[in-house]
Protein chains: 2
Amino acid sequence: MAGYQNRILRVDLTERTFSEESLSKDLTHDFIGGRGFGVKLLYDELKPGVDPLGEESELIFVSGPLAGTNAQSFGRYKVFFKSPLTGSYFKSSSGGYLASEMKFAGLDVIIVKGIADKPVFLWVHDGQYELRDATYLWGLDCDDTHTLIREELSDPHIRVACIGPAGERGVKYAGIFSDRRACGRGGGGTVMGSKNLKAIAIRGNQRIELADREAFAAAVKEQIKECQNSPEFANFSKSGTQMGEFTNILGMFPTKNFQEGVLPNWEQIERTEYDKLRVRKTRCYSCMLHCGSITKMGIGNYAGAWSEGPEYETIWAFTGPVALADIGLTIAADKLCDDLGLDTISTGNTIGFAYELYERGLITKKDTGGLELTYGNNKPVMQLIRQIAYRQGLGDILAEGTREAARRIGHGAEQYAIQVKGLEMPAYDPRGAKSHGLNLMTSNIGADHNTGYAPQEIFGAPVPREVDRFAVEGKGELTKWNQDLTALFETGILCSFVPSMGMLSEEVYGRLLSAATGVADFSDPAYLWQVGERIFNLERMFNVREGFGIKDDVFPKRLTGEPMPAGPSAGQVFEAEPMLIDYYQVRGWDVKTGIPTKAKLDELGLGFTIGK
Amino acid sequence: MAGYQNRILRVDLTERTFSEESLSKDLTHDFIGGRGFGVKLLYDELKPGVDPLGEESELIFVSGPLAGTNAQSFGRYKVFFKSPLTGSYFKSSSGGYLASEMKFAGLDVIIVKGIADKPVFLWVHDGQYELRDATYLWGLDCDDTHTLIREELSDPHIRVACIGPAGERGVKYAGIFSDRRACGRGGGGTVMGSKNLKAIAIRGNQRIELADREAFAAAVKEQIKECQNSPEFANFSKSGTQMGEFTNILGMFPTKNFQEGVLPNWEQIERTEYDKLRVRKTRCYSCMLHCGSITKMGIGNYAGAWSEGPEYETIWAFTGPVALADIGLTIAADKLCDDLGLDTISTGNTIGFAYELYERGLITKKDTGGLELTYGNNKPVMQLIRQIAYRQGLGDILAEGTREAARRIGHGAEQYAIQVKGLEMPAYDPRGAKSHGLNLMTSNIGADHNTGYAPQEIFGAPVPREVDRFAVEGKGELTKWNQDLTALFETGILCSFVPSMGMLSEEVYGRLLSAATGVADFSDPAYLWQVGERIFNLERMFNVREGFGIKDDVFPKRLTGEPMPAGPSAGQVFEAEPMLIDYYQVRGWDVKTGIPTKAKLDELGLGFTIGK
């Protein structure tokens, strides 16, 4: 079985068939791997206008070219699909141990299409593929699903990616969970559920082949040095993203559904508070950052509650929206979302949307089944999470996401749906950091902070520049730079924290890629940047083919029309028009339509997308 | 490390010290192993009158001489302790995979004494012993505790035995849980919690040594033949004990706290109903019976609920006491008890006690926090289980068990506590099967059905006799026979279902023991019977030393004074006095005191207990 690797596995759930193919040299050269493979395959595979939850939609799992090696922080996988929440191209990613196990099983890509006639799970092990009955797993939470699959196959080392009850019930922002880490955003779990695919289980024993082992080892050594030399390394290794303070200090911690930018009692969700509750560190495969934490409450309403996390976004999701910092709830709600299979960001944002509607009288106790959704009262949150996952009561409509829920509720509810392209906005108020805002507005998957995170506005890092977070000028170029850099490293699939903190240069990354694959071009940073831009533009063209354009690069009026009322970002609005035009120009896109020009597409080798 | 086995490990939690000793030849010869070791060690170790939850109490884990071998159905361990629920000697046992792992780690016995100054878990691996911090595990449920310990030690094959929140909070009938199987009865988990010992984690790699491998292999072959030849084998392998019908058909399914003997809608908890919900079979180490099941609800109030089980006793525990057969609740409540670390029998019986008090007006909504404990309304059950485990509300007093709870409630509540020696009675009404009753009355641990189960009265099996279940005559001898037979096989530690169904003869058992240990006497069935009787009498002498006697072999008045009102056991009472005198005489015990005579003790080599 040696050398059995770098394959694409195709699974047809309707026909219950499997086929394998090798990765083509062209695909590898032009898109490197990871996010590059994902967007190219999704673009080629999906018919325009396909129903995301229909027979013809596909779900594509991709591991990166460096997963399973001893290079650091590449142990991530991504899923690609047309999102049932946004109708757009979607990518969602997760750390953990699934990506490396895919490689050990010889696979870079798993393409799943069709719909199984009853619940199944896919069992992949060293070239053997099987669809096994999952009727008995249907309804189980994510942790239990892991346990029972490992027991069924008598191998506790099996890696599992599965959905929870939320994915089974078509909650539009259901995620895919593997060892308590999530491909959370955009409804990958919803697509998986629509296919009657409860889980993927993987175990492999292949050795990872490298084109030049010596050069690779040298590059890994360099990478480790760069990482250790980062001034952020020690702090980040200790606490990860477990801190609620930094955006509050900047006055851009979305509070009361983005009505305010400072949470009154935010000191209770500071880094130092989580430090006290941390009971163990966790890490992904081959990652020296070990930024993960298991956190546990010892006292109070949530005594005994624990989770792996919560990360910063989740800390926000269950505090800002309900206007109360309660550290216990952040932990309990995090675990509940992990168990039930929900994206915490969309869940928390949607709950915040419901609170605002209740406060404004657009919904009443009759709609909430008696729950009082008033700011500062976070008692209903756990129940709302369950109601969303199981689509009970008010949860049935909230399960659609804010955009669609608002449409159904009517009476002006739309203005309180704080989302872009249907994806609920995360924990950064765009009025307090304009490049963050511009990224959220233009990201190809909707309001996703990780598509082009601008650390320069928040942390002053990394070099090459100092940035005024409120300034409008130059944000088009900065946003493009961060977006393309992210895409470049996500061919890896590198953890996005690493470039954010300047822990890996393009040069060393290029050496790793080149030594692993034998493709000389990869060692040229300029080429990597071009691939990054190519990926971002192809994603855009996927959306253009689906009818997306300038009309979809838009914020709710609150962010562009209502100045931040108080705090360190007081008076700021998001100046959408000048920044968007600037961005389109920098991108080489038509400023009237937001569509990449022919010249830009030809330059990037994406001429094949023109006129599609 | 070869030959590193058959050790006793002593752990002192107060001093944080470990010591090892070898098993003595005399102990092995006189008590064989398993239950024999447990009672002898407990008798020798504990001072009379010791506080079960104090510094000087001990908790003794024992694996059997055949665990870890390929002999069938010996993969069980037992814990021995003075019970905080009964004040008596106690043994509690569980299947699964812990017993074999103890043997692989070289240990037959682990004796734990003292109290740790903060929560710890014991980590045992191949002669290495360590007390590790368990502060972060305190408060976690049993499943999560397994997961996090395996993650902390980066070895998913580790076997864990742990307590849940109930054991931490001193619930008097908290159990010890290992891979969803429980040493449930009598409060072993309570003792463990009082010692601040959250868990024991074991991993071993020793080869099991056998005195005569060839003879052993031949005996195993014989055992397998005997098992396969049993007419019960096929049915039991399929459904295990998942059946609510057989005692209903006999009119002895305790209903409404033993007021009645037939549950009105018992057809809903029949074997055939569980067959429909069974999603997977499970088994213990080296057991061809694989009687375990994972059962899952697909629809209804408890959709998605699953458990490993429920066994017959648990099926009863959440139906009979509340007078409603609801198959979903049996599954959901089973899992909840497993998670929280509760004995299902005592939990269900105690809830039934609360229902009767409520129905009779001895407690009201004020006491129950608004819950309506009326027959046929099972909605409060899940909440009551949580309240017991966390000692909240009414649960705080119910956590003491029926005897103590009744004492505190007063107003005649004592008559509704259906227990013997403080141990809640299981799912057999003694009025419908007199030897069952006599066993429950005389068992050394209180009302435990497994100490001397009388299959002859229920199933007509095994040979050697046909029995009239209502008859008084001959029940002393039959009870002694079943009790001594059970003790004999529990030197193994054989699963008690095996002799109940005539699946292993004393002859073949003796050959297994003798080939494994090299002790010739073990191949003589007469000798094995003598050891069985020795064990039972030494247990009795432990209790005598604690002040127990004839006054404690007693039933609540309901069972001796109130005839069964209707059904196939209508009109029956339990005729305690004649049967008890008969039993004492057959046992060679003083009929006035219930204490073994000097002659009997000398005959059994237990002279050392006289006058203690």
# chains A, B, ... in the order shown; residues from 1 in each chain; ligands from 1
>>> residues_around(residues="segment 333-347 of chain A", least_positions_apart="6", cutoff="7 Å", atoms="only C-alpha atoms", output="PyMOL selection string")
chain A and resi 141-143+163-167+173-177+180+184-185+306-307+310+313-314+317+382+389+424+426
>>> write_last_selection(atoms="N, CA, C and O atoms", output="mmCIF file, in the first residue's frame")
data_model
loop_
_atom_site.group_PDB
_atom_site.id
_atom_site.type_symbol
_atom_site.label_atom_id
_atom_site.label_comp_id
_atom_site.auth_asym_id
_atom_site.auth_seq_id
_atom_site.Cartn_x
_atom_site.Cartn_y
_atom_site.Cartn_z
ATOM 1 N N ASP A 141 -26.116 13.073 19.677
ATOM 2 C CA ASP A 141 -25.278 14.265 19.653
ATOM 3 C C ASP A 141 -23.886 13.902 19.108
ATOM 4 O O ASP A 141 -23.580 12.717 18.874
ATOM 5 N N CYS A 142 -23.085 14.914 18.900
ATOM 6 C CA CYS A 142 -21.810 14.694 18.194
ATOM 7 C C CYS A 142 -20.833 13.848 19.000
ATOM 8 O O CYS A 142 -20.180 12.956 18.451
ATOM 9 N N ASP A 143 -20.723 14.112 20.295
ATOM 10 C CA ASP A 143 -19.819 13.314 21.124
ATOM 11 C C ASP A 143 -20.208 11.841 21.115
ATOM 12 O O ASP A 143 -19.361 10.953 20.950
ATOM 13 N N ILE A 163 -22.484 15.141 12.045
ATOM 14 C CA ILE A 163 -23.464 16.176 12.347
ATOM 15 C C ILE A 163 -24.236 15.787 13.604
ATOM 16 O O ILE A 163 -24.284 14.618 13.988
ATOM 17 N N GLY A 164 -24.837 16.789 14.229
ATOM 18 C CA GLY A 164 -25.699 16.544 15.374
ATOM 19 C C GLY A 164 -27.159 16.673 14.973
ATOM 20 O O GLY A 164 -27.488 16.743 13.783
ATOM 21 N N PRO A 165 -28.040 16.726 15.962
ATOM 22 C CA PRO A 165 -29.472 16.865 15.671
ATOM 23 C C PRO A 165 -29.789 18.077 14.792
ATOM 24 O O PRO A 165 -30.709 18.021 13.972
ATOM 25 N N ALA A 166 -29.018 19.173 14.926
ATOM 26 C CA ALA A 166 -29.301 20.374 14.137
ATOM 27 C C ALA A 166 -29.130 20.106 12.646
ATOM 28 O O ALA A 166 -29.947 20.535 11.825
ATOM 29 N N GLY A 167 -28.067 19.403 12.273
ATOM 30 C CA GLY A 167 -27.843 19.076 10.872
ATOM 31 C C GLY A 167 -28.901 18.134 10.331
ATOM 32 O O GLY A 167 -29.316 18.238 9.167
ATOM 33 N N TYR A 173 -27.724 26.696 9.794
ATOM 34 C CA TYR A 173 -26.328 26.943 10.165
ATOM 35 C C TYR A 173 -25.788 25.812 11.049
ATOM 36 O O TYR A 173 -25.088 26.038 12.034
ATOM 37 N N ALA A 174 -26.112 24.594 10.629
ATOM 38 C CA ALA A 174 -25.588 23.402 11.308
ATOM 39 C C ALA A 174 -24.169 23.128 10.812
ATOM 40 O O ALA A 174 -23.879 23.284 9.624
ATOM 41 N N GLY A 175 -23.297 22.739 11.712
ATOM 42 C CA GLY A 175 -21.902 22.495 11.363
ATOM 43 C C GLY A 175 -21.560 21.017 11.295
ATOM 44 O O GLY A 175 -22.403 20.143 11.492
ATOM 45 N N ILE A 176 -20.285 20.771 11.002
ATOM 46 C CA ILE A 176 -19.732 19.420 10.959
ATOM 47 C C ILE A 176 -18.676 19.354 12.052
ATOM 48 O O ILE A 176 -17.808 20.220 12.130
ATOM 49 N N PHE A 177 -18.756 18.339 12.904
ATOM 50 C CA PHE A 177 -17.952 18.322 14.119
ATOM 51 C C PHE A 177 -17.033 17.116 14.171
ATOM 52 O O PHE A 177 -17.428 15.993 13.886
ATOM 53 N N ARG A 180 -14.854 17.590 18.840
ATOM 54 C CA ARG A 180 -15.240 18.860 19.481
ATOM 55 C C ARG A 180 -14.691 20.085 18.773
ATOM 56 O O ARG A 180 -14.644 21.168 19.356
ATOM 57 N N GLY A 184 -17.874 25.135 11.385
ATOM 58 C CA GLY A 184 -19.119 25.644 11.945
ATOM 59 C C GLY A 184 -19.996 26.397 10.981
ATOM 60 O O GLY A 184 -21.218 26.209 10.968
ATOM 61 N N ARG A 185 -19.399 27.230 10.160
ATOM 62 C CA ARG A 185 -20.178 28.263 9.497
ATOM 63 C C ARG A 185 -20.830 27.793 8.198
ATOM 64 O O ARG A 185 -20.317 26.934 7.495
ATOM 65 N N TRP A 306 -18.542 22.261 31.068
ATOM 66 C CA TRP A 306 -17.210 22.327 30.489
ATOM 67 C C TRP A 306 -17.322 22.315 28.968
ATOM 68 O O TRP A 306 -18.335 21.896 28.415
ATOM 69 N N SER A 307 -16.288 22.773 28.331
ATOM 70 C CA SER A 307 -16.232 22.688 26.876
ATOM 71 C C SER A 307 -14.791 22.747 26.427
ATOM 72 O O SER A 307 -13.911 23.140 27.184
ATOM 73 N N PRO A 310 -14.482 28.042 25.368
ATOM 74 C CA PRO A 310 -14.983 28.696 24.167
ATOM 75 C C PRO A 310 -13.919 29.606 23.560
ATOM 76 O O PRO A 310 -13.110 30.191 24.281
ATOM 77 N N GLU A 313 -15.006 34.120 19.541
ATOM 78 C CA GLU A 313 -16.280 34.340 18.864
ATOM 79 C C GLU A 313 -17.450 33.790 19.681
ATOM 80 O O GLU A 313 -18.529 34.372 19.735
ATOM 81 N N THR A 314 -17.208 32.649 20.305
ATOM 82 C CA THR A 314 -18.266 32.017 21.086
ATOM 83 C C THR A 314 -18.482 32.768 22.395
ATOM 84 O O THR A 314 -19.616 32.893 22.883
ATOM 85 N N ALA A 317 -20.661 35.390 21.385
ATOM 86 C CA ALA A 317 -21.973 34.973 20.878
ATOM 87 C C ALA A 317 -23.027 34.828 21.975
ATOM 88 O O ALA A 317 -24.221 34.981 21.717
ATOM 89 N N MET A 382 -29.966 28.907 26.895
ATOM 90 C CA MET A 382 -29.789 27.462 26.732
ATOM 91 C C MET A 382 -31.031 26.834 26.087
ATOM 92 O O MET A 382 -30.928 25.964 25.216
ATOM 93 N N ALA A 389 -31.937 23.901 17.616
ATOM 94 C CA ALA A 389 -31.394 22.622 17.125
ATOM 95 C C ALA A 389 -32.511 21.647 16.771
ATOM 96 O O ALA A 389 -32.423 20.921 15.782
ATOM 97 N N GLU A 424 -24.554 35.396 9.260
ATOM 98 C CA GLU A 424 -24.601 36.261 10.427
ATOM 99 C C GLU A 424 -23.219 36.836 10.743
ATOM 100 O O GLU A 424 -22.200 36.147 10.677
ATOM 101 N N PRO A 426 -19.997 38.235 12.710
ATOM 102 C CA PRO A 426 -19.300 37.770 13.915
ATOM 103 C C PRO A 426 -19.003 38.918 14.885
ATOM 104 O O PRO A 426 -19.618 39.979 14.798
#
>>> residues_around(residues="Glu168 of chain A", least_positions_apart="2", cutoff="9 Å", atoms="only C-alpha atoms", output="PyMOL selection string")
chain A and resi 138-139+163-166+170-171+174+189-190+192-194+196-198
>>> write_last_selection(atoms="all heavy atoms", output="mmCIF file, in the first residue's frame")
data_model
loop_
_atom_site.group_PDB
_atom_site.id
_atom_site.type_symbol
_atom_site.label_atom_id
_atom_site.label_comp_id
_atom_site.auth_asym_id
_atom_site.auth_seq_id
_atom_site.Cartn_x
_atom_site.Cartn_y
_atom_site.Cartn_z
ATOM 1 N N TRP A 138 -28.758 8.284 14.157
ATOM 2 C CA TRP A 138 -29.589 9.459 13.853
ATOM 3 C C TRP A 138 -30.230 9.971 15.137
ATOM 4 O O TRP A 138 -30.822 9.195 15.874
ATOM 5 C CB TRP A 138 -30.654 9.080 12.835
ATOM 6 C CG TRP A 138 -31.073 10.213 11.943
ATOM 7 C CD1 TRP A 138 -32.290 10.833 11.947
ATOM 8 C CD2 TRP A 138 -30.318 10.839 10.894
ATOM 9 N NE1 TRP A 138 -32.325 11.811 10.977
ATOM 10 C CE2 TRP A 138 -31.125 11.845 10.310
ATOM 11 C CE3 TRP A 138 -29.015 10.673 10.409
ATOM 12 C CZ2 TRP A 138 -30.695 12.665 9.271
ATOM 13 C CZ3 TRP A 138 -28.589 11.483 9.373
ATOM 14 C CH2 TRP A 138 -29.418 12.471 8.816
ATOM 15 N N GLY A 139 -30.067 11.227 15.413
ATOM 16 C CA GLY A 139 -30.622 11.795 16.645
ATOM 17 C C GLY A 139 -29.584 11.952 17.737
ATOM 18 O O GLY A 139 -29.783 12.675 18.700
ATOM 19 N N ILE A 163 -22.484 15.141 12.045
ATOM 20 C CA ILE A 163 -23.464 16.176 12.347
ATOM 21 C C ILE A 163 -24.236 15.787 13.604
ATOM 22 O O ILE A 163 -24.284 14.618 13.988
ATOM 23 C CB ILE A 163 -24.448 16.393 11.180
ATOM 24 C CG1 ILE A 163 -25.203 15.098 10.840
ATOM 25 C CG2 ILE A 163 -23.719 16.926 9.958
ATOM 26 C CD1 ILE A 163 -26.344 15.306 9.850
ATOM 27 N N GLY A 164 -24.837 16.789 14.229
ATOM 28 C CA GLY A 164 -25.699 16.544 15.374
ATOM 29 C C GLY A 164 -27.159 16.673 14.973
ATOM 30 O O GLY A 164 -27.488 16.743 13.783
ATOM 31 N N PRO A 165 -28.040 16.726 15.962
ATOM 32 C CA PRO A 165 -29.472 16.865 15.671
ATOM 33 C C PRO A 165 -29.789 18.077 14.792
ATOM 34 O O PRO A 165 -30.709 18.021 13.972
ATOM 35 C CB PRO A 165 -30.093 17.013 17.058
ATOM 36 C CG PRO A 165 -29.159 16.280 17.968
ATOM 37 C CD PRO A 165 -27.788 16.525 17.399
ATOM 38 N N ALA A 166 -29.018 19.173 14.926
ATOM 39 C CA ALA A 166 -29.301 20.374 14.137
ATOM 40 C C ALA A 166 -29.130 20.106 12.646
ATOM 41 O O ALA A 166 -29.947 20.535 11.825
ATOM 42 C CB ALA A 166 -28.394 21.516 14.579
ATOM 43 N N GLY A 170 -32.103 20.113 9.434
ATOM 44 C CA GLY A 170 -32.049 21.169 8.440
ATOM 45 C C GLY A 170 -31.906 22.571 9.005
ATOM 46 O O GLY A 170 -32.243 23.542 8.317
ATOM 47 N N VAL A 171 -31.391 22.699 10.219
ATOM 48 C CA VAL A 171 -31.068 24.034 10.724
ATOM 49 C C VAL A 171 -30.040 24.623 9.767
ATOM 50 O O VAL A 171 -29.036 23.970 9.468
ATOM 51 C CB VAL A 171 -30.517 23.965 12.161
ATOM 52 C CG1 VAL A 171 -30.103 25.356 12.642
ATOM 53 C CG2 VAL A 171 -31.552 23.354 13.087
ATOM 54 N N ALA A 174 -26.112 24.594 10.629
ATOM 55 C CA ALA A 174 -25.588 23.402 11.308
ATOM 56 C C ALA A 174 -24.169 23.128 10.812
ATOM 57 O O ALA A 174 -23.879 23.284 9.624
ATOM 58 C CB ALA A 174 -26.483 22.207 11.029
ATOM 59 N N GLY A 189 -23.079 21.287 7.789
ATOM 60 C CA GLY A 189 -23.813 20.209 8.465
ATOM 61 C C GLY A 189 -25.225 20.055 7.925
ATOM 62 O O GLY A 189 -25.785 18.955 7.941
ATOM 63 N N THR A 190 -25.780 21.158 7.444
ATOM 64 C CA THR A 190 -27.124 21.109 6.860
ATOM 65 C C THR A 190 -27.093 20.328 5.548
ATOM 66 O O THR A 190 -27.955 19.479 5.297
ATOM 67 C CB THR A 190 -27.614 22.555 6.586
ATOM 68 O OG1 THR A 190 -27.160 23.415 7.628
ATOM 69 C CG2 THR A 190 -29.122 22.607 6.463
ATOM 70 N N MET A 192 -24.840 18.116 4.743
ATOM 71 C CA MET A 192 -24.539 16.726 5.099
ATOM 72 C C MET A 192 -25.815 16.010 5.559
ATOM 73 O O MET A 192 -26.087 14.874 5.167
ATOM 74 C CB MET A 192 -23.480 16.742 6.198
ATOM 75 C CG MET A 192 -22.731 15.460 6.400
ATOM 76 S SD MET A 192 -21.118 15.795 7.210
ATOM 77 C CE MET A 192 -20.825 14.179 7.957
ATOM 78 N N GLY A 193 -26.601 16.709 6.382
ATOM 79 C CA GLY A 193 -27.863 16.139 6.855
ATOM 80 C C GLY A 193 -28.823 15.873 5.708
ATOM 81 O O GLY A 193 -29.521 14.848 5.696
ATOM 82 N N SER A 194 -28.863 16.787 4.739
ATOM 83 C CA SER A 194 -29.800 16.616 3.618
ATOM 84 C C SER A 194 -29.434 15.390 2.789
ATOM 85 O O SER A 194 -30.255 14.849 2.066
ATOM 86 C CB SER A 194 -29.802 17.870 2.732
ATOM 87 O OG SER A 194 -28.624 17.933 1.943
ATOM 88 N N ASN A 196 -28.479 12.625 4.171
ATOM 89 C CA ASN A 196 -28.604 11.467 5.069
ATOM 90 C C ASN A 196 -27.248 10.891 5.460
ATOM 91 O O ASN A 196 -27.126 9.693 5.733
ATOM 92 C CB ASN A 196 -29.472 10.369 4.436
ATOM 93 C CG ASN A 196 -30.919 10.485 4.876
ATOM 94 O OD1 ASN A 196 -31.212 10.964 5.979
ATOM 95 N ND2 ASN A 196 -31.832 10.050 4.030
ATOM 96 N N LEU A 197 -26.249 11.762 5.454
ATOM 97 C CA LEU A 197 -24.895 11.316 5.812
ATOM 98 C C LEU A 197 -24.607 11.783 7.241
ATOM 99 O O LEU A 197 -24.343 12.950 7.487
ATOM 100 C CB LEU A 197 -23.879 11.919 4.830
ATOM 101 C CG LEU A 197 -22.414 11.534 5.049
ATOM 102 C CD1 LEU A 197 -22.197 10.035 4.840
ATOM 103 C CD2 LEU A 197 -21.500 12.335 4.110
ATOM 104 N N LYS A 198 -24.677 10.883 8.193
ATOM 105 C CA LYS A 198 -24.493 11.250 9.594
ATOM 106 C C LYS A 198 -23.030 11.542 9.905
ATOM 107 O O LYS A 198 -22.729 12.408 10.720
ATOM 108 C CB LYS A 198 -25.005 10.120 10.495
ATOM 109 C CG LYS A 198 -24.799 10.324 11.992
ATOM 110 C CD LYS A 198 -25.662 11.448 12.561
ATOM 111 C CE LYS A 198 -25.510 11.537 14.080
ATOM 112 N NZ LYS A 198 -26.270 12.676 14.646
#
>>> interface_residues(of="chain B", to="chain A", cutoff="10 Å", atoms="only C-alpha atoms", output="PyMOL selection string")
chain B and resi 134-141+143-144+147-148+151-152+155-157+165+277-282+294-299+303-306
>>> write_last_selection(atoms="N, CA and C atoms", output="CSV table (one decimal), in the first residue's frame")
chain,number,residue,atom,x,y,z
B,134,ALA,N,-7.4,15.6,39.7
B,134,ALA,CA,-8.7,15.4,39.1
B,134,ALA,C,-9.7,16.6,39.4
B,135,THR,N,-9.1,17.7,39.9
B,135,THR,CA,-9.9,18.9,40.1
B,135,THR,C,-10.8,19.2,38.9
B,136,TYR,N,-10.1,19.1,37.8
B,136,TYR,CA,-10.8,19.6,36.5
B,136,TYR,C,-11.9,18.6,36.1
B,137,LEU,N,-11.8,17.4,36.7
B,137,LEU,CA,-12.8,16.3,36.3
B,137,LEU,C,-14.0,16.4,37.3
B,138,TRP,N,-13.8,17.0,38.4
B,138,TRP,CA,-14.9,17.0,39.4
B,138,TRP,C,-16.1,17.7,38.9
B,139,GLY,N,-17.2,17.1,39.0
B,139,GLY,CA,-18.5,17.7,38.4
B,139,GLY,C,-18.8,17.1,37.1
B,140,LEU,N,-17.9,16.4,36.4
B,140,LEU,CA,-18.2,15.9,35.1
B,140,LEU,C,-19.0,14.6,35.2
B,141,ASP,N,-19.7,14.3,34.1
B,141,ASP,CA,-20.5,13.1,34.1
B,141,ASP,C,-19.5,11.9,33.8
B,143,ASP,N,-19.4,9.6,31.3
B,143,ASP,CA,-18.9,9.5,29.9
B,143,ASP,C,-17.8,10.5,29.7
B,144,ASP,N,-18.0,11.8,30.0
B,144,ASP,CA,-17.0,12.8,29.8
B,144,ASP,C,-15.7,12.5,30.6
B,147,THR,N,-13.7,10.2,28.6
B,147,THR,CA,-13.1,10.8,27.4
B,147,THR,C,-11.9,11.7,27.8
B,148,LEU,N,-12.1,12.5,28.9
B,148,LEU,CA,-11.0,13.4,29.2
B,148,LEU,C,-9.8,12.8,29.8
B,151,GLU,N,-8.0,11.3,26.9
B,151,GLU,CA,-7.3,12.4,26.1
B,151,GLU,C,-6.1,12.9,26.9
B,152,GLU,N,-6.2,13.1,28.2
B,152,GLU,CA,-5.1,13.6,29.0
B,152,GLU,C,-3.9,12.7,28.9
B,155,ASP,N,-4.2,8.1,25.3
B,155,ASP,CA,-4.3,6.7,25.0
B,155,ASP,C,-5.8,6.3,25.1
B,156,PRO,N,-6.4,6.1,24.0
B,156,PRO,CA,-7.9,5.8,24.0
B,156,PRO,C,-8.2,4.4,24.5
B,157,HIS,N,-7.2,3.6,24.7
B,157,HIS,CA,-7.4,2.2,25.1
B,157,HIS,C,-7.5,2.1,26.7
B,165,PRO,N,-21.5,13.0,39.3
B,165,PRO,CA,-21.8,14.0,40.2
B,165,PRO,C,-22.5,13.4,41.5
B,277,LEU,N,-36.0,-1.6,19.2
B,277,LEU,CA,-35.2,-0.4,19.4
B,277,LEU,C,-33.7,-0.7,19.6
B,278,ARG,N,-33.4,-2.0,19.5
B,278,ARG,CA,-32.0,-2.3,19.6
B,278,ARG,C,-31.2,-1.9,18.4
B,279,VAL,N,-30.1,-1.1,18.6
B,279,VAL,CA,-29.4,-0.7,17.4
B,279,VAL,C,-28.0,-1.3,17.4
B,280,ARG,N,-27.6,-1.9,18.5
B,280,ARG,CA,-26.3,-2.7,18.4
B,280,ARG,C,-26.2,-3.6,19.6
B,281,LYS,N,-25.5,-4.7,19.4
B,281,LYS,CA,-25.2,-5.6,20.5
B,281,LYS,C,-23.8,-5.1,21.1
B,282,THR,N,-23.7,-5.3,22.4
B,282,THR,CA,-22.4,-5.1,23.1
B,282,THR,C,-22.1,-6.3,24.0
B,294,ILE,N,-27.3,-1.7,22.8
B,294,ILE,CA,-27.5,-0.2,22.8
B,294,ILE,C,-28.9,0.0,22.2
B,295,THR,N,-29.7,0.7,22.9
B,295,THR,CA,-31.1,0.9,22.5
B,295,THR,C,-31.4,2.3,22.3
B,296,LYS,N,-32.2,2.6,21.3
B,296,LYS,CA,-32.4,4.1,21.0
B,296,LYS,C,-33.8,4.3,20.6
B,297,MET,N,-34.3,5.4,21.1
B,297,MET,CA,-35.7,5.8,20.7
B,297,MET,C,-35.6,6.6,19.4
B,298,GLY,N,-36.5,6.3,18.5
B,298,GLY,CA,-36.6,7.1,17.3
B,298,GLY,C,-37.6,8.2,17.3
B,299,ILE,N,-38.7,8.0,18.1
B,299,ILE,CA,-39.8,8.9,18.0
B,299,ILE,C,-40.3,9.2,19.4
B,303,ALA,N,-37.3,11.0,21.8
B,303,ALA,CA,-36.6,10.8,20.5
B,303,ALA,C,-35.2,11.1,20.6
B,304,GLY,N,-34.3,10.2,20.1
B,304,GLY,CA,-32.9,10.4,20.2
B,304,GLY,C,-32.2,9.9,21.5
B,305,ALA,N,-33.0,9.7,22.5
B,305,ALA,CA,-32.5,9.1,23.7
B,305,ALA,C,-31.9,7.7,23.5
B,306,TRP,N,-30.8,7.4,24.1
B,306,TRP,CA,-30.2,6.1,23.9
B,306,TRP,C,-29.5,5.7,25.2
>>> closest_residue(among="A:Gly186, A:Gly412, A:Gly549, A:Gly328", to="Ser92 of chain A", atoms="only C-alpha atoms")
A:Gly186
>>> residues_around(residues="segment 104-111 of chain A", least_positions_apart="4", cutoff="10 Å", atoms="only C-alpha atoms", output="number ranges by chain")
A: 1-12, 18-23, 33-34, 37-38, 41-42, 45, 58-65, 67-69, 77-80, 98-100, 124-128, 200, 202-208
>>> closest_residue(among="A:Ile550, A:Leu250, A:Ala199, A:Val381", to="Arg469 of chain A", atoms="only C-alpha atoms")
A:Leu250
>>> atom_distance(atom1="atom CA of Ala570 of chain A", atom2="atom CA of Glu311 of chain A")
26.5 Å
